[in-house]
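Engineer: Contents of query21.tsv (TSV, C-alpha atoms and all ligand atoms):
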chain	number	residue	atom	x	y	z
A	7	MET	CA	60.30	146.73	96.13
A	8	THR	CA	57.05	147.89	94.51
A	9	HIS	CA	56.93	151.67	94.61
A	10	PHE	CA	54.22	153.78	92.97
A	11	LEU	CA	56.20	156.73	91.67
A	12	ASP	CA	54.55	157.59	88.39
A	13	ILE	CA	52.00	156.22	85.95
A	14	ASN	CA	54.71	155.71	83.33
A	15	LYS	CA	56.79	153.70	85.80
A	16	THR	CA	54.16	151.05	86.57
A	17	SER	CA	53.26	148.58	83.82
A	18	ALA	CA	50.00	148.94	81.90
A	19	ALA	CA	48.91	145.50	83.16
A	20	GLU	CA	49.52	146.47	86.79
A	21	LEU	CA	47.71	149.78	86.33
A	22	ARG	CA	44.69	147.93	84.93
A	23	GLN	CA	44.75	145.52	87.83
A	24	ILE	CA	44.85	148.46	90.30
A	25	ILE	CA	41.82	150.12	88.64
A	26	ASP	CA	39.86	146.86	88.65
A	27	SER	CA	40.76	146.18	92.26
A	28	ALA	CA	39.74	149.75	93.24
A	29	ALA	CA	36.36	149.32	91.52
A	30	ALA	CA	35.80	145.97	93.26
A	31	MET	CA	36.73	147.35	96.69
A	32	LYS	CA	34.48	150.35	96.15
A	33	SER	CA	31.47	148.27	95.22
A	34	SER	CA	32.07	145.81	98.05
A	35	ARG	CA	31.65	148.60	100.64
A	36	ASN	CA	28.01	148.94	99.58
A	37	GLY	CA	27.05	151.99	101.59
A	38	ARG	CA	28.94	150.96	104.74
A	39	PRO	CA	29.60	153.88	107.10
A	40	LYS	CA	32.84	155.55	106.09
A	41	GLY	CA	34.50	154.91	109.43
A	42	MET	CA	33.71	151.18	109.38
A	43	ALA	CA	36.48	148.85	108.26
A	44	ASP	CA	36.19	146.83	105.06
A	45	ASP	CA	35.14	143.16	105.19
A	46	GLN	CA	38.75	142.26	104.60
A	47	THR	CA	41.48	144.23	106.35
A	48	PRO	CA	44.67	143.49	104.41
A	49	LEU	CA	46.57	146.33	106.07
A	50	ALA	CA	46.01	145.00	109.60
A	51	GLY	CA	49.28	145.33	111.48
A	52	HIS	CA	50.68	147.82	108.97
A	53	MET	CA	51.86	151.33	109.82
A	54	VAL	CA	51.79	153.93	107.04
A	55	ALA	CA	53.67	157.26	107.14
A	56	LEU	CA	51.98	160.10	105.25
A	57	ILE	CA	54.47	162.95	104.78
A	58	PHE	CA	53.37	166.37	103.54
A	59	GLU	CA	55.72	169.14	102.53
A	60	LYS	CA	52.80	170.98	100.89
A	61	PRO	CA	49.18	171.51	101.99
A	62	SER	CA	46.54	168.89	101.19
A	63	THR	CA	42.90	168.15	101.88
A	64	ARG	CA	42.00	165.22	99.61
A	65	THR	CA	45.29	163.33	99.54
A	66	ARG	CA	45.78	163.54	103.26
A	67	ILE	CA	42.28	162.52	104.28
A	68	SER	CA	41.71	159.88	101.60
A	69	PHE	CA	44.99	158.11	102.38
A	70	ASP	CA	44.32	158.25	106.11
A	71	VAL	CA	40.76	156.94	105.79
A	72	GLY	CA	41.83	154.33	103.21
A	73	VAL	CA	44.49	152.85	105.47
A	74	ARG	CA	42.05	152.68	108.41
A	75	GLN	CA	39.31	151.04	106.31
A	76	MET	CA	41.85	148.35	105.42
A	77	GLY	CA	42.73	147.84	109.09
A	78	GLY	CA	46.07	149.67	109.17
A	79	GLU	CA	47.33	152.68	111.09
A	80	THR	CA	48.74	156.00	109.91
A	81	MET	CA	51.07	158.75	111.04
A	82	VAL	CA	50.44	162.04	109.26
A	83	LEU	CA	53.70	164.02	109.30
A	84	SER	CA	54.55	167.50	108.15
A	85	GLY	CA	57.94	167.69	106.44
A	86	SER	CA	58.80	170.90	108.25
A	87	ASP	CA	58.24	169.29	111.67
A	88	MET	CA	60.62	166.44	110.82
A	89	GLN	CA	64.42	166.67	110.73
A	90	LEU	CA	63.90	166.48	106.95
A	91	GLY	CA	63.04	170.17	107.12
A	92	HIS	CA	66.19	170.90	109.13
A	93	GLY	CA	68.91	169.39	107.02
A	94	GLU	CA	68.80	165.61	107.57
A	95	THR	CA	69.26	164.02	104.18
A	96	ILE	CA	66.40	162.30	102.37
A	97	ALA	CA	68.48	159.11	102.23
A	98	ASP	CA	69.00	159.04	106.01
A	99	THR	CA	65.33	159.84	106.63
A	100	ALA	CA	64.33	157.01	104.29
A	101	ARG	CA	66.61	154.52	106.08
A	102	VAL	CA	65.24	155.50	109.51
A	103	LEU	CA	61.56	155.53	108.49
A	104	SER	CA	62.00	152.06	106.99
A	105	ARG	CA	62.78	150.74	110.49
A	106	TYR	CA	59.44	152.01	111.82
A	107	VAL	CA	56.82	151.91	109.09
A	108	ASP	CA	55.66	149.55	106.35
A	109	LEU	CA	54.78	152.11	103.66
A	110	ILE	CA	55.64	155.76	102.95
A	111	MET	CA	53.48	158.24	101.03
A	112	ILE	CA	55.16	161.58	100.38
A	113	ARG	CA	53.95	164.87	98.89
A	114	THR	CA	56.93	167.03	98.13
A	115	PHE	CA	58.35	169.71	95.84
A	116	GLU	CA	61.31	168.32	93.91
A	117	GLU	CA	60.83	165.02	92.13
A	118	GLN	CA	64.39	164.22	93.24
A	119	THR	CA	63.20	164.05	96.88
A	120	LEU	CA	60.66	161.36	95.97
A	121	LEU	CA	63.22	159.42	93.93
A	122	GLU	CA	65.81	159.51	96.71
A	123	MET	CA	63.22	158.41	99.25
A	124	ALA	CA	62.39	155.46	97.01
A	125	GLU	CA	66.04	154.62	96.38
A	126	TYR	CA	67.01	154.47	100.06
A	127	ALA	CA	63.80	153.19	101.67
A	128	ASP	CA	63.42	149.48	102.35
A	129	VAL	CA	59.63	149.87	102.15
A	130	PRO	CA	57.39	150.96	99.25
A	131	VAL	CA	57.09	154.68	98.51
A	132	ILE	CA	54.04	156.32	96.93
A	133	ASN	CA	54.07	159.69	95.12
A	134	GLY	CA	51.40	161.92	96.69
A	135	LEU	CA	52.28	164.78	94.25
A	136	THR	CA	55.51	166.50	93.26
A	137	ASP	CA	56.10	169.61	91.19
A	138	ARG	CA	56.28	167.26	88.20
A	139	SER	CA	53.46	164.72	88.56
A	140	HIS	CA	50.40	163.53	90.51
A	141	PRO	CA	49.82	159.87	89.62
A	142	CYS	CA	47.32	158.96	92.40
A	143	GLN	CA	44.99	161.67	91.11
A	144	ILE	CA	44.93	160.32	87.58
A	145	MET	CA	44.31	156.75	88.77
A	146	ALA	CA	41.20	158.14	90.50
A	147	ASP	CA	40.29	160.00	87.30
A	148	VAL	CA	40.55	156.88	85.13
A	149	LEU	CA	38.41	154.99	87.65
A	150	THR	CA	35.85	157.82	87.56
A	151	TYR	CA	35.74	157.99	83.77
A	152	GLU	CA	35.26	154.23	83.44
A	153	GLU	CA	32.58	154.13	86.13
A	154	HIS	CA	30.51	156.65	84.15
A	155	ARG	CA	31.34	155.82	80.55
A	156	GLY	CA	33.10	152.44	80.29
A	157	PRO	CA	36.64	151.86	78.98
A	158	ILE	CA	38.75	155.00	78.54
A	159	ALA	CA	40.89	153.33	75.84
A	160	GLY	CA	40.37	155.02	72.47
A	161	LYS	CA	38.62	158.08	73.96
A	162	LYS	CA	39.67	161.70	73.50
A	163	VAL	CA	40.73	163.66	76.58
A	164	VAL	CA	41.29	167.42	76.34
A	165	TRP	CA	43.41	169.24	78.91
A	166	SER	CA	42.77	172.99	78.91
A	167	GLY	CA	45.08	175.39	80.77
A	168	ASP	CA	48.48	174.96	82.41
A	169	GLY	CA	50.58	171.97	81.32
A	170	ASN	CA	51.41	171.25	84.97
A	171	ASN	CA	52.08	168.23	87.20
A	172	VAL	CA	48.51	166.89	86.94
A	173	CYS	CA	48.58	167.33	83.16
A	174	ALA	CA	51.87	165.39	83.07
A	175	SER	CA	50.28	162.40	84.80
A	176	PHE	CA	47.36	162.55	82.36
A	177	ILE	CA	49.86	162.35	79.49
A	178	HIS	CA	51.56	159.37	81.16
A	179	ALA	CA	48.13	157.76	81.49
A	180	ALA	CA	47.31	158.34	77.82
A	181	GLY	CA	50.22	156.10	76.84
A	182	GLN	CA	49.48	153.47	79.47
A	183	PHE	CA	45.66	153.26	79.17
A	184	GLY	CA	45.57	153.93	75.41
A	185	PHE	CA	43.56	157.15	75.07
A	186	ASP	CA	44.28	160.24	72.96
A	187	LEU	CA	45.05	163.54	74.63
A	188	THR	CA	44.91	167.08	73.29
A	189	PHE	CA	46.59	169.82	75.28
A	190	THR	CA	45.25	173.31	74.74
A	191	GLY	CA	47.02	176.23	76.40
A	192	PRO	CA	49.58	178.95	75.71
A	193	GLU	CA	53.01	177.84	74.49
A	194	PRO	CA	54.98	178.96	77.57
A	195	LEU	CA	52.85	176.60	79.67
A	196	ASP	CA	53.15	173.56	77.39
A	197	PRO	CA	53.66	170.18	79.10
A	198	GLU	CA	57.18	168.74	79.06
A	199	GLN	CA	58.02	167.53	75.58
A	200	VAL	CA	59.64	164.37	76.93
A	201	PHE	CA	56.28	163.20	78.32
A	202	VAL	CA	54.52	163.99	75.05
A	203	GLU	CA	57.10	162.04	73.01
A	204	GLU	CA	57.02	159.08	75.38
A	205	ALA	CA	53.23	158.77	75.17
A	206	ARG	CA	53.31	159.14	71.37
A	207	ALA	CA	55.86	156.32	71.20
A	208	LYS	CA	53.20	154.08	72.79
A	209	GLY	CA	50.95	154.67	69.78
A	210	VAL	CA	48.47	157.23	71.14
A	211	LYS	CA	47.79	160.67	69.69
A	212	VAL	CA	49.05	163.50	71.88
A	213	GLU	CA	48.36	166.82	70.22
A	214	ILE	CA	48.90	170.46	71.04
A	215	GLU	CA	46.17	172.81	69.78
A	216	ARG	CA	46.35	176.49	70.71
A	217	ASP	CA	42.68	177.13	69.95
A	218	PRO	CA	40.56	175.69	72.80
A	219	HIS	CA	37.43	175.67	70.64
A	220	LYS	CA	39.11	173.47	68.04
A	221	ALA	CA	40.70	171.34	70.75
A	222	VAL	CA	37.43	170.30	72.39
A	223	GLN	CA	35.79	169.09	69.17
A	224	GLY	CA	35.01	165.41	69.70
A	225	ALA	CA	36.20	165.43	73.33
A	226	ASP	CA	34.92	162.67	75.63
A	227	LEU	CA	36.49	164.25	78.70
A	228	VAL	CA	37.53	167.86	79.38
A	229	VAL	CA	39.94	168.46	82.26
A	230	THR	CA	41.49	171.52	83.83
A	231	ASP	CA	43.35	172.49	86.99
A	232	THR	CA	44.36	175.60	88.89
A	233	TRP	CA	46.24	178.24	86.91
A	234	VAL	CA	48.77	178.69	89.74
A	235	SER	CA	50.06	175.52	91.39
A	236	MET	CA	51.56	175.19	94.85
A	237	HIS	CA	55.07	175.19	93.40
A	238	ASP	CA	54.50	178.31	91.28
A	239	PRO	CA	55.50	181.72	92.65
A	240	GLN	CA	52.48	183.73	93.74
A	241	SER	CA	53.98	186.59	91.73
A	242	ALA	CA	53.05	184.60	88.60
A	243	ARG	CA	49.34	184.94	89.37
A	244	GLU	CA	48.52	188.02	87.30
A	245	ARG	CA	50.59	186.89	84.29
A	246	ARG	CA	49.01	183.42	84.43
A	247	HIS	CA	45.53	184.91	84.46
A	248	ASN	CA	46.34	186.94	81.37
A	249	GLN	CA	47.87	183.93	79.62
A	250	LEU	CA	45.10	181.50	80.53
A	251	ARG	CA	41.89	183.52	80.52
A	252	GLY	CA	41.00	182.24	77.05
A	253	TYR	CA	41.33	178.62	78.23
A	254	GLN	CA	38.65	178.81	80.92
A	255	VAL	CA	36.32	175.82	80.81
A	256	ASN	CA	32.88	177.39	80.60
A	257	ALA	CA	29.49	176.29	79.32
A	258	GLU	CA	30.25	177.60	75.83
A	259	LEU	CA	33.42	175.51	75.60
A	260	MET	CA	31.76	172.39	77.04
A	261	ALA	CA	28.97	172.74	74.48
A	262	GLN	CA	31.52	172.12	71.73
A	263	ALA	CA	32.67	168.80	73.22
A	264	ASN	CA	30.72	165.57	72.66
A	265	PRO	CA	27.22	165.78	74.18
A	266	ASP	CA	28.06	163.11	76.75
A	267	ALA	CA	31.52	164.52	77.57
A	268	LEU	CA	32.54	164.53	81.21
A	269	PHE	CA	34.25	167.39	83.05
A	270	MET	CA	36.95	166.79	85.66
A	271	HIS	CA	39.05	168.94	87.98
A	272	CYS	CA	41.34	167.44	90.61
A	273	LEU	CA	40.47	170.25	93.06
A	274	PRO	CA	41.09	172.55	94.85
A	275	ALA	CA	39.52	174.88	92.27
A	276	HIS	CA	39.49	178.62	91.90
A	277	ARG	CA	35.88	178.85	90.85
A	278	ASP	CA	35.25	181.08	87.84
A	279	ASP	CA	38.95	181.22	86.96
A	280	GLU	CA	39.97	177.93	85.29
A	281	ALA	CA	36.37	176.65	85.24
A	282	THR	CA	33.05	178.34	85.85
A	283	SER	CA	30.77	177.27	88.67
A	284	GLU	CA	28.18	176.59	85.98
A	285	VAL	CA	30.42	173.83	84.59
A	286	MET	CA	31.70	172.59	87.96
A	287	ASP	CA	28.16	172.16	89.26
A	288	GLY	CA	26.64	171.32	85.88
A	289	PRO	CA	25.54	168.09	84.18
A	290	HIS	CA	28.93	167.15	82.67
A	291	SER	CA	30.80	167.46	85.96
A	292	VAL	CA	31.95	164.42	87.95
A	293	ILE	CA	34.27	166.30	90.31
A	294	TRP	CA	32.81	164.90	93.54
A	295	ASP	CA	33.05	161.31	92.30
A	296	GLU	CA	36.60	162.12	91.27
A	297	ALA	CA	37.41	163.29	94.80
A	298	GLU	CA	35.74	160.22	96.34
A	299	ASN	CA	37.63	157.92	94.02
A	300	ARG	CA	40.97	159.11	95.41
A	301	LEU	CA	40.08	156.91	98.38
A	302	HIS	CA	39.29	153.78	96.38
A	303	ALA	CA	42.15	154.16	93.88
A	304	GLN	CA	44.72	154.72	96.61
A	305	LYS	CA	43.51	151.74	98.62
A	306	ALA	CA	44.21	149.61	95.55
A	307	ILE	CA	47.59	151.32	95.02
A	308	MET	CA	48.61	150.58	98.62
A	309	ARG	CA	47.60	146.92	98.31
A	310	HIS	CA	49.57	146.71	95.06
A	311	CYS	CA	52.66	148.18	96.72
A	312	LEU	CA	52.42	145.94	99.77
A	313	GLY	CA	51.38	142.84	97.82
A	314	VAL	CA	48.45	142.24	100.18
A	401	LIG	N1	43.61	166.86	94.33
A	401	LIG	C1	44.42	166.89	95.38
A	401	LIG	O1	45.49	166.27	95.42
A	401	LIG	O2	43.95	167.63	96.42
A	401	LIG	P1	44.71	168.00	97.76
A	401	LIG	O3	45.80	168.99	97.39
A	401	LIG	O4	43.66	168.60	98.65
A	401	LIG	O5	45.32	166.76	98.34
A	402	LIG	N1	48.54	171.48	90.15
A	402	LIG	C1	48.10	171.60	91.51
A	402	LIG	C2	47.41	170.35	91.94
A	402	LIG	C3	46.89	170.35	93.34
A	402	LIG	C4	46.27	169.05	93.73
A	402	LIG	C5	49.28	171.91	92.41
A	402	LIG	O1	50.33	171.28	92.25
A	402	LIG	O2	49.15	172.80	93.25
Can you dump the structure from the file as structure tokens?
Structural biologist:
Amino acid sequence: MTHFLDINKTSAAELRQIIDSAAAMKSSRNGRPKGMADDQTPLAGHMVALIFEKPSTRTRISFDVGVRQMGGETMVLSGSDMQLGHGETIADTARVLSRYVDLIMIRTFEEQTLLEMAEYADVPVINGLTDRSHPCQIMADVLTYEEHRGPIAGKKVVWSGDGNNVCASFIHAAGQFGFDLTFTGPEPLDPEQVFVEEARAKGVKVEIERDPHKAVQGADLVVTDTWVSMHDPQSARERRHNQLRGYQVNAELMAQANPDALFMHCLPAHRDDEATSEVMDGPHSVIWDEAENRLHAQKAIMRHCLGV
């Protein structure tokens, strides 16, 4: 069974193949209307369940459109409307879904829910974000970087802000794609040490630098994300703002990165909190390409999982 659970759980060779396949599929659409199917429809006859226990704009729509472009069909399901939200175990849900659908994508809270779904499903399971990681996003980000600047291997990525789920997947990607990563943020919001150690063991530099101005020196890519994630208590908002204000990505900070540095944000953004509108809409920003590339990257991930 080929699941896509995390960037550090798929081999570097397979990840490379997924990125290359995403780029090829993207270029082969050549301005086709978005609702028109691809030339080849490898998902014809396939039914894909898209389960959301948290809100989503990009993940939901890009998976749904991606499946349809490849000739398949989708069911978009809210966790709370399923028996999953009323006490049926994840294992039993996984066994039942496997009798109806060919592929499951799930966005959930606990990583354990994703892992149990994968353990008991007889069909591939894709991680559409958990409290701990967001691998589909970072596949789109690698695709976006390489489209604009060529190979990401050997480059310096700087993450500024909260060491959250999206940051974790960037750290996984550093080890797998061979780029260096500097995290800059306050100590209480550091990324999990286990991810940092694991990436370092693969021979890349993963550094923690409290001073954002020092961190961005020599950066090829600067990335940030919301200061309060969906799994964080809303009561944390004020404290987070106080902790993270100094890590805002603004024009002054970007000016200290390499002149051709890119800026990314997975979105949704709180404009003028974690990044200013000047940066988001400015010349370094590739946030709209990043959002578009969710579609292409995930199409390649689904083909990888289904072997089609
Ligand atoms: N970036 C991302 O996953 O966005 P959504 O929460 O809108 O899916
Ligand atoms: N870190 C954010 C990412 C949203 C796509 C969250 O988990 O809410």
Engineer: For each of A:Ala297, A:Ala28, A:Ala97, A:Met308, take the minimum atom-to-atom distance to Glu152 (chain A), counting all atoms listed in the file, then give the residue where this is smallest.
Structural biologist: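 Result for the nearest residue to Glu152 (chain A): A:Ala28.
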Engineer: Residues of chain A that have any atom at most 10 Å from an atom of ligand LIG 402 (chain A): could you tabulate them with the shortest-distance atom pair and the distance in Å to one decimal, using only C-alpha atoms and all ligand atoms, ordered by chain and increasing number, as JSON lines?
Structural biologist:
{"residue": "A:Lys60", "atom": "CA", "partner": "A:LIG402", "partner_atom": "O2", "distance": 8.7}
{"residue": "A:Pro61", "atom": "CA", "partner": "A:LIG402", "partner_atom": "O2", "distance": 8.8}
{"residue": "A:Ser62", "atom": "CA", "partner": "A:LIG402", "partner_atom": "C4", "distance": 7.5}
{"residue": "A:Thr63", "atom": "CA", "partner": "A:LIG402", "partner_atom": "C4", "distance": 8.9}
{"residue": "A:Arg64", "atom": "CA", "partner": "A:LIG402", "partner_atom": "C4", "distance": 8.2}
{"residue": "A:Thr65", "atom": "CA", "partner": "A:LIG402", "partner_atom": "C4", "distance": 8.2}
{"residue": "A:Arg113", "atom": "CA", "partner": "A:LIG402", "partner_atom": "O1", "distance": 9.9}
{"residue": "A:Thr114", "atom": "CA", "partner": "A:LIG402", "partner_atom": "O1", "distance": 9.8}
{"residue": "A:Phe115", "atom": "CA", "partner": "A:LIG402", "partner_atom": "O1", "distance": 8.9}
{"residue": "A:Gly134", "atom": "CA", "partner": "A:LIG402", "partner_atom": "C4", "distance": 9.3}
{"residue": "A:Leu135", "atom": "CA", "partner": "A:LIG402", "partner_atom": "O1", "distance": 7.1}
{"residue": "A:Thr136", "atom": "CA", "partner": "A:LIG402", "partner_atom": "O1", "distance": 7.1}
{"residue": "A:Asp137", "atom": "CA", "partner": "A:LIG402", "partner_atom": "O1", "distance": 6.1}
{"residue": "A:Arg138", "atom": "CA", "partner": "A:LIG402", "partner_atom": "O1", "distance": 8.2}
{"residue": "A:Ser139", "atom": "CA", "partner": "A:LIG402", "partner_atom": "O1", "distance": 8.2}
{"residue": "A:His140", "atom": "CA", "partner": "A:LIG402", "partner_atom": "C2", "distance": 7.6}
{"residue": "A:Gln143", "atom": "CA", "partner": "A:LIG402", "partner_atom": "C4", "distance": 7.9}
{"residue": "A:Asp168", "atom": "CA", "partner": "A:LIG402", "partner_atom": "N1", "distance": 8.5}
{"residue": "A:Gly169", "atom": "CA", "partner": "A:LIG402", "partner_atom": "N1", "distance": 9.1}
{"residue": "A:Asn170", "atom": "CA", "partner": "A:LIG402", "partner_atom": "N1", "distance": 5.9}
{"residue": "A:Asn171", "atom": "CA", "partner": "A:LIG402", "partner_atom": "N1", "distance": 5.6}
{"residue": "A:Val172", "atom": "CA", "partner": "A:LIG402", "partner_atom": "N1", "distance": 5.6}
{"residue": "A:Cys173", "atom": "CA", "partner": "A:LIG402", "partner_atom": "N1", "distance": 8.1}
{"residue": "A:Ala174", "atom": "CA", "partner": "A:LIG402", "partner_atom": "N1", "distance": 9.9}
{"residue": "A:Thr230", "atom": "CA", "partner": "A:LIG402", "partner_atom": "N1", "distance": 9.5}
{"residue": "A:Asp231", "atom": "CA", "partner": "A:LIG402", "partner_atom": "N1", "distance": 6.2}
{"residue": "A:Thr232", "atom": "CA", "partner": "A:LIG402", "partner_atom": "N1", "distance": 6.0}
{"residue": "A:Trp233", "atom": "CA", "partner": "A:LIG402", "partner_atom": "N1", "distance": 7.8}
{"residue": "A:Val234", "atom": "CA", "partner": "A:LIG402", "partner_atom": "O2", "distance": 6.9}
{"residue": "A:Ser235", "atom": "CA", "partner": "A:LIG402", "partner_atom": "O2", "distance": 3.4}
{"residue": "A:Met236", "atom": "CA", "partner": "A:LIG402", "partner_atom": "O2", "distance": 3.8}
{"residue": "A:His237", "atom": "CA", "partner": "A:LIG402", "partner_atom": "O1", "distance": 6.3}
{"residue": "A:Asp238", "atom": "CA", "partner": "A:LIG402", "partner_atom": "O2", "distance": 7.9}
{"residue": "A:His271", "atom": "CA", "partner": "A:LIG402", "partner_atom": "C4", "distance": 9.2}
{"residue": "A:Cys272", "atom": "CA", "partner": "A:LIG402", "partner_atom": "C4", "distance": 6.1}
{"residue": "A:Leu273", "atom": "CA", "partner": "A:LIG402", "partner_atom": "C4", "distance": 6.0}
{"residue": "A:Pro274", "atom": "CA", "partner": "A:LIG402", "partner_atom": "C4", "distance": 6.4}
{"residue": "A:Ala275", "atom": "CA", "partner": "A:LIG402", "partner_atom": "C3", "distance": 8.7}
Engineer: Would you save the residues from that selection as a PDB file, keeping the file's coordinate frame, using C-alpha atoms?
Structural biologist:
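So selection-v3.pdb came out as:
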ATOM      1  CA  LYS A  60      52.800 170.980 100.890  1.00  0.00           C
ATOM      2  CA  PRO A  61      49.180 171.510 101.990  1.00  0.00           C
ATOM      3  CA  SER A  62      46.540 168.890 101.190  1.00  0.00           C
ATOM      4  CA  THR A  63      42.900 168.150 101.880  1.00  0.00           C
ATOM      5  CA  ARG A  64      42.000 165.220  99.610  1.00  0.00           C
ATOM      6  CA  THR A  65      45.290 163.330  99.540  1.00  0.00           C
ATOM      7  CA  ARG A 113      53.950 164.870  98.890  1.00  0.00           C
ATOM      8  CA  THR A 114      56.930 167.030  98.130  1.00  0.00           C
ATOM      9  CA  PHE A 115      58.350 169.710  95.840  1.00  0.00           C
ATOM     10  CA  GLY A 134      51.400 161.920  96.690  1.00  0.00           C
ATOM     11  CA  LEU A 135      52.280 164.780  94.250  1.00  0.00           C
ATOM     12  CA  THR A 136      55.510 166.500  93.260  1.00  0.00           C
ATOM     13  CA  ASP A 137      56.100 169.610  91.190  1.00  0.00           C
ATOM     14  CA  ARG A 138      56.280 167.260  88.200  1.00  0.00           C
ATOM     15  CA  SER A 139      53.460 164.720  88.560  1.00  0.00           C
ATOM     16  CA  HIS A 140      50.400 163.530  90.510  1.00  0.00           C
ATOM     17  CA  GLN A 143      44.990 161.670  91.110  1.00  0.00           C
ATOM     18  CA  ASP A 168      48.480 174.960  82.410  1.00  0.00           C
ATOM     19  CA  GLY A 169      50.580 171.970  81.320  1.00  0.00           C
ATOM     20  CA  ASN A 170      51.410 171.250  84.970  1.00  0.00           C
ATOM     21  CA  ASN A 171      52.080 168.230  87.200  1.00  0.00           C
ATOM     22  CA  VAL A 172      48.510 166.890  86.940  1.00  0.00           C
ATOM     23  CA  CYS A 173      48.580 167.330  83.160  1.00  0.00           C
ATOM     24  CA  ALA A 174      51.870 165.390  83.070  1.00  0.00           C
ATOM     25  CA  THR A 230      41.490 171.520  83.830  1.00  0.00           C
ATOM     26  CA  ASP A 231      43.350 172.490  86.990  1.00  0.00           C
ATOM     27  CA  THR A 232      44.360 175.600  88.890  1.00  0.00           C
ATOM     28  CA  TRP A 233      46.240 178.240  86.910  1.00  0.00           C
ATOM     29  CA  VAL A 234      48.770 178.690  89.740  1.00  0.00           C
ATOM     30  CA  SER A 235      50.060 175.520  91.390  1.00  0.00           C
ATOM     31  CA  MET A 236      51.560 175.190  94.850  1.00  0.00           C
ATOM     32  CA  HIS A 237      55.070 175.190  93.400  1.00  0.00           C
ATOM     33  CA  ASP A 238      54.500 178.310  91.280  1.00  0.00           C
ATOM     34  CA  HIS A 271      39.050 168.940  87.980  1.00  0.00           C
ATOM     35  CA  CYS A 272      41.340 167.440  90.610  1.00  0.00           C
ATOM     36  CA  LEU A 273      40.470 170.250  93.060  1.00  0.00           C
ATOM     37  CA  PRO A 274      41.090 172.550  94.850  1.00  0.00           C
ATOM     38  CA  ALA A 275      39.520 174.880  92.270  1.00  0.00           C
TER      39      ALA A 275
END
Engineer: Which distance in Å separates CA of Gly77 (chain A) and CA of Pro48 (chain A), to one decimal?
Structural biologist: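 Distance between the two atoms: 6.7 Å.
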Engineer: Using CA of Val54 (chain A) and CA of Leu11 (chain A) as the two end points, give the distance in Å to one decimal.
Structural biologist: 16.2 Å
Engineer: May I have the centre and edge lengths, in Å to one decimal, of an axis-aligned box around the listed atoms of ligand LIG 401 (chain A) with 8 Å added to every side, as JSON?
Structural biologist:
{"center_x": 44.7, "center_y": 167.6, "center_z": 96.5, "size_x": 18.2, "size_y": 18.7, "size_z": 20.3}
Engineer: Here's a test: counting only C-alpha atoms, identify every protein, DNA and RNA residue with an atom at most 7 Å from (50.8, 177.4, 78.1) in the file's coordinate frame, and state them as a list in words.
Structural biologist: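 Within the cut-off we find Gly167, Asp168, Gly169, Gly191, Pro192, Glu193, Pro194, Leu195 and Asp196 of chain A.
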Engineer: Please provide as a PyMOL selection string all residues within 12 Å of region 66-72 of chain A, with the sequence filter that same-chain residues fewer than 3 positions apart are discarded (counting all atoms listed in the file).
Structural biologist: chain A and resi 28+31-32+35+39-44+47-49+53-63+75-84+109-113+132-135+142-143+146+296-309
Engineer: I want to know what sits within 7 Å of Leu149 (chain A), based on only C-alpha atoms, with residues of the same chain fewer than 4 positions away left out; could you give that as number ranges by chain?
Structural biologist: A: 25, 145, 153
Engineer: Tell me which protein, DNA and RNA residues are within 10 Å of Gly288 (chain A), counting all atoms listed in the file, leaving out same-chain ones fewer than 4 positions away, and put them as a list of chain:residue names.
Structural biologist: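 Near neighbours after the sequence-gap exclusion: A:Ala257, A:Phe269, A:Thr282, A:Ser283, A:Glu284, A:Val292.
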Engineer: In Å to one decimal, how far is CA of Ala18 (chain A) from CA of Pro141 (chain A)?
Structural biologist: 13.4 Å
Engineer: I'd like a table as CSV: residues in region 255-310 of chain A with an atom no more than 8 Å from region 216-225 of chain A, each row giving the shortest atom pair and its distance in Å to one decimal, all atoms listed in the file counted, sorted by chain and rising residue number.
Structural biologist:
residue,atom,partner,partner_atom,distance
A:Leu259,CA,A:His219,CA,6.4
A:Met260,CA,A:Val222,CA,7.6
A:Gln262,CA,A:Gln223,CA,5.8
A:Ala263,CA,A:Ala225,CA,4.9
A:Asn264,CA,A:Gly224,CA,5.2
A:Ala267,CA,A:Ala225,CA,6.4
Engineer: Could you list as a list in words every residue that has an atom within 10 Å of (61.1, 168.7, 107.1), using the file's coordinates and counting all atoms listed in the file?
Structural biologist: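 Here is the list of nearby residues: Ile57, Phe58, Glu59, Leu83, Ser84, Gly85, Ser86, Asp87, Met88, Gln89, Leu90, Gly91, His92, Gly93, Glu94, Thr95, Ile96 and Thr99 of chain A.
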Engineer: Please rebuild region 20-25 of chain A with N, CA and C atoms and give the result as an mmCIF file, in the coordinates of the input.
Structural biologist:
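Saved result, result.cif, follows:
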data_model
loop_
_atom_site.group_PDB
_atom_site.id
_atom_site.type_symbol
_atom_site.label_atom_id
_atom_site.label_comp_id
_atom_site.auth_asym_id
_atom_site.auth_seq_id
_atom_site.Cartn_x
_atom_site.Cartn_y
_atom_site.Cartn_z
ATOM 1 N N GLU A 20 49.686 146.210 85.345
ATOM 2 C CA GLU A 20 49.520 146.470 86.790
ATOM 3 C C GLU A 20 48.554 147.624 87.032
ATOM 4 N N LEU A 21 48.626 148.638 86.181
ATOM 5 C CA LEU A 21 47.710 149.780 86.330
ATOM 6 C C LEU A 21 46.265 149.314 86.161
ATOM 7 N N ARG A 22 46.051 148.461 85.170
ATOM 8 C CA ARG A 22 44.690 147.930 84.930
ATOM 9 C C ARG A 22 44.218 147.138 86.130
ATOM 10 N N GLN A 23 45.122 146.344 86.676
ATOM 11 C CA GLN A 23 44.750 145.520 87.830
ATOM 12 C C GLN A 23 44.395 146.418 89.038
ATOM 13 N N ILE A 24 45.132 147.526 89.185
ATOM 14 C CA ILE A 24 44.850 148.460 90.300
ATOM 15 C C ILE A 24 43.461 149.089 90.117
ATOM 16 N N ILE A 25 43.147 149.503 88.889
ATOM 17 C CA ILE A 25 41.820 150.120 88.640
ATOM 18 C C ILE A 25 40.712 149.106 88.922
#
